[in-house]
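Accompanying notes for the structure given below.
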Amino acid sequence: MAQNEPVNLAVLLSGGGTTLQNLIDRTEAGKLNAKVRVVVSSRSDAFGLERAKRQGIASAVCPSRDYRDFDALSEAVWREVRKHPVDLVCLAGFMCFIRVPEDFYGRMMNIHPALIPAFCGRGMYGHRVHEAVLKAGCKVSGCTAHFVDNEYDHGPIIVQRAVPVYDTDTPDELAARVFEQECVAYPEAIRLFGEGRLEIDGRIVRVRER
């Protein structure tokens, strides 16, 4: 990827596409040097597809129920991604496990609504995370942008942002506070990637100085 060129993104989603919209808004505002090239959804009724259509972004649907296993779904998703010039794949509420091919190691990210390694792993997504945080009596939560590997919520951490948890919080209130920080953390991780400043060293991501 040439220096100063926008980061070409593929965004994978399964629902409303609020994270996709955040990335679109930030690129249009000149706050993120990136371009969403394709949106791939695991559901044909995902509103994120409508968001892509409104922006003239190419999209594809790989309904998870149509594939016999993770490997078959993974092949279908990557086939769609590879039709476009993609530098980085961003999971944005994609509710299916897919395998990361070798050429996309270090080129695939996710945003998780908790401070990994807490409240993460298989089955921990969306409001389930916030409900678990509140049930545990945590005083702090947040979000984590991380590289994706072939385990749930396991890849090296890039950016984390914390929020307070209040005694009076409902899951919806905590989710809203965390999402505000997701809207900052994910673009920050993408920006650092585009600037070539992220170096993966085992489980550690080192951010190089400019």
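Residues are referred to by chain and number: the chain letter is A, B, ... according to the order shown in the structure tokens, the number counts from 1 in that chain, and ligands are numbered separately from 1 in the order shown.
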
Exercise. Do you know which residues are at most 8 Å from stretch 56-62 of chain A counting only C-alpha atoms, after dropping those on the same chain fewer than 5 positions away, and could you put them as a list in words?
Worked result: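 The neighbour list is Val36, Arg37, Val38, Val39, Val40, Ser41, Ser42, Arg43, Ser44, Leu49, Leu73, Ala76, Val77 and Glu80 of chain A.
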
Problem set entry | Residue neighbourhood A:Ala92, 12 Å, only C-alpha atoms, exclusion window fewer than 5 positions, as a PyMOL selection string | chain A and resi 9-23+39-42+46+48+108-113+125-126+145+179+182-183+186-187

For this session: List every residue of chain A that DSSP, applied to the backbone of this structure, assigns to helix (DSSP H, G or I), and report them as a ChimeraX atom specification.
Result: /A:18-28,47-54,64-66,70-81,102-104,127-135,171-194

Problem set entry | Non-local contacts of A:Ile157 (10 Å; only C-alpha atoms; under 3 positions in same chain excluded) as an MDAnalysis selection string | chainID A and resid 109:111 115:117 144:148 153:154 160 189 200 203:206

Exercise. If we count only C-alpha atoms, what is near A:Arg210 at a cut-off of 12 Å, once residues fewer than 2 positions away on the same chain are taken out, given as a PyMOL selection string?
Worked result: chain A and resi 192+195-198+207-208

Exercise. Can you list every residue in stretch 6-143 of chain A that DSSP puts in strand (DSSP E or B), as JSON, numbers by chain?
Worked result: {"A": [7, 8, 9, 10, 11, 12, 13, 34, 35, 36, 37, 38, 39, 40, 41, 58, 59, 60, 61, 88, 89, 90, 91, 108, 109, 110, 111, 112, 140, 141, 142, 143]}

Exercise. Near A:Val100, within 10 Å and counting only C-alpha atoms, which residues show up once chain neighbours fewer than 5 positions away are dropped, as a PyMOL selection string?
Worked result: chain A and resi 74-75+78+105-108+148-151

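When only C-alpha atoms are used to compute distances to A:Ile24, the closest of the residues A:Ala52, A:Cys90, A:Val7, A:Phe70 turns out to be A:Ala52.
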
Exercise. Which distance in Å separates atom CA of A:Leu32 and atom CA of A:Arg191, to one decimal?
Worked result: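 Pair atom CA of A:Leu32 / atom CA of A:Arg191 returns 6.5 Å.
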
For this session: To one decimal in Å, tell me the separation between atom CA of A:Glu180 and atom CA of A:Val140.
Result: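 Taking atom CA of A:Glu180 as the start and atom CA of A:Val140 as the end point, the length is 14.7 Å.
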
For this session: Find the residues around A:Ala162 up to 8 Å (only C-alpha atoms counted), leave out those fewer than 5 positions away in its own chain, and share them as number ranges by chain.
Result: A: 115, 140-143, 178, 181

Dump as an mmCIF file, in the first residue's frame, selection limited to C-alpha atoms:
data_model
loop_
_atom_site.group_PDB
_atom_site.id
_atom_site.type_symbol
_atom_site.label_atom_id
_atom_site.label_comp_id
_atom_site.auth_asym_id
_atom_site.auth_seq_id
_atom_site.Cartn_x
_atom_site.Cartn_y
_atom_site.Cartn_z
ATOM 1 C CA LEU A 115 -11.569 -4.735 27.491
ATOM 2 C CA VAL A 140 -14.696 0.007 34.291
ATOM 3 C CA SER A 141 -15.440 -1.378 30.841
ATOM 4 C CA GLY A 142 -14.591 -0.258 27.333
ATOM 5 C CA CYS A 143 -13.714 -1.504 23.877
ATOM 6 C CA VAL A 178 -18.929 1.943 24.996
ATOM 7 C CA GLN A 181 -15.457 4.907 22.291
#
